Every structure is written in structure tokens, then in C-alpha cells.
Amino acid sequence: MRVAPIGLMCPGDVSRAIQLAVAASQPTHGTQTAIAGACAIAAGVAEALNENATVFSVASACLRGAQEGEKIGEKVGRV
């Protein structure tokens with residue numbers, strides 16, 4: 001997926017990774033489900049680069065990304 005590098009650009013900043021993943025997804029993958037998935041991956045990668053990251057914190061970041069992406073996708077996503 002092309003959103004993993006977004007997480008690399010935002011080490012430890014899950015919120016920023018989510019924001020950028022939404023922007024990157026909209027041109028070609030602008031559905032609610034695609035935005036949620038992109039946010040999950042970007043958030044997980046960003047958290048994984050946190051020096052104190054654990055498996056649980058990475059999984060939690062992925063879940064947070066999916067949930068926030070779903071809410072954002074509901075507002076801005078295509079049908």
C-alpha cells in the first residue's frame with residue numbers, strides 16, 4: 001500500500017499520519033472503507049517507529065486509525 005511511507009514520515013505522530021493518509025487516499029481510494037484501511041496502516045507504521053512502541057501500542061494505533069478513518073470517510077468519502 002502506498003500509505004505505509006506516510007507512517008514513515010510521521011514517526012510517533014499517529015494523528016498526523018491519519019490526517020495525511022486521508023489526503024493521500026481521496027484521489028483514487030476515496031471510499032469510507034478505503035480511507036479507514038489507509039488510516040489504520042499509516043497509524044500503525046507511525047506508532048511502530050516510536051522508540052517505546054509495543055505490539056499492543058501498534059495494534060491500538062491501527063485500531064484508532066481505522067476508527068478515525070471510518071468517521072472521516074463517512075463525511076468525505078464517495079459512495
# chains A, B, ... in the order shown; residues from 1 in each chain; ligands from 1

call {"tool": "residues_around", "arguments": {"residues": "A:Pro11", "least_positions_apart": "3", "cutoff": "7 Å", "atoms": "only C-alpha atoms", "output": "MDAnalysis selection string"}}
result
chainID A and resid 7:8 46:47 49:50

call {"tool": "residues_around", "arguments": {"residues": "stretch 66-72 of chain A", "least_positions_apart": "5", "cutoff": "7 Å", "atoms": "only C-alpha atoms", "output": "list in words"}}
result
Gln32, Thr33, Ile35, Ala36, Gly37, Cys39 and Ala40 of chain A

call {"tool": "residues_around", "arguments": {"residues": "A:Ala43", "least_positions_apart": "3", "cutoff": "9 Å", "atoms": "only C-alpha atoms", "output": "VMD selection string"}}
result
chain A and resid 4 6 to 7 10 12 to 18 21 38 to 40 46 to 48 58 61 to 66

call {"tool": "write_last_selection", "arguments": {"atoms": "C-alpha atoms", "output": "PDB file, in the first residue's frame"}}
result
ATOM      1  CA  ALA A   4       2.986   2.966   4.673  1.00  0.00           C
ATOM      2  CA  ILE A   6       3.185   8.229   5.266  1.00  0.00           C
ATOM      3  CA  GLY A   7       3.681   6.484   8.595  1.00  0.00           C
ATOM      4  CA  CYS A  10       5.345  10.745  10.872  1.00  0.00           C
ATOM      5  CA  GLY A  12       5.362   8.602  16.634  1.00  0.00           C
ATOM      6  CA  ASP A  13       2.726  11.078  15.376  1.00  0.00           C
ATOM      7  CA  VAL A  14      -0.352   8.947  14.812  1.00  0.00           C
ATOM      8  CA  SER A  15      -2.702  11.914  14.415  1.00  0.00           C
ATOM      9  CA  ARG A  16      -0.613  13.427  11.633  1.00  0.00           C
ATOM     10  CA  ALA A  17      -0.302  10.050   9.905  1.00  0.00           C
ATOM     11  CA  ILE A  18      -4.094   9.706   9.916  1.00  0.00           C
ATOM     12  CA  ALA A  21      -3.490   9.150   4.918  1.00  0.00           C
ATOM     13  CA  ALA A  38      -5.336   3.586   4.843  1.00  0.00           C
ATOM     14  CA  CYS A  39      -5.543   5.328   8.190  1.00  0.00           C
ATOM     15  CA  ALA A  40      -5.092   2.034  10.037  1.00  0.00           C
ATOM     16  CA  ALA A  46       3.832   5.748  12.680  1.00  0.00           C
ATOM     17  CA  GLU A  47       3.406   4.135  16.095  1.00  0.00           C
ATOM     18  CA  ALA A  48       5.859   1.348  15.273  1.00  0.00           C
ATOM     19  CA  VAL A  58       0.981  -0.633  17.408  1.00  0.00           C
ATOM     20  CA  ALA A  61      -2.783   2.686  16.829  1.00  0.00           C
ATOM     21  CA  CYS A  62      -4.069   0.611  13.905  1.00  0.00           C
ATOM     22  CA  LEU A  63      -7.468   0.349  15.568  1.00  0.00           C
ATOM     23  CA  ARG A  64      -7.520   4.068  16.314  1.00  0.00           C
ATOM     24  CA  GLY A  65      -6.604   4.815  12.699  1.00  0.00           C
ATOM     25  CA  ALA A  66      -9.364   2.561  11.400  1.00  0.00           C
TER      26      ALA A  66
END

call {"tool": "select_by_dssp", "arguments": {"residues": "chain A", "states": "alpha helix (DSSP H)", "output": "VMD selection string"}}
result
chain A and resid 4 to 9 14 to 25 32 to 48 55 to 76

call {"tool": "closest_residue", "arguments": {"among": "A:Gly44, A:Met9, A:Gly77, A:Thr54", "to": "A:Ser25", "atoms": "only C-alpha atoms"}}
result
A:Gly77

call {"tool": "closest_residue", "arguments": {"among": "A:Thr31, A:Gln19, A:Ser60, A:Gln26", "to": "A:Glu74", "atoms": "only C-alpha atoms"}}
result
A:Thr31

call {"tool": "atom_distance", "arguments": {"atom1": "atom CA of A:Ala59", "atom2": "atom CA of A:Ala24"}}
result
21.8 Å
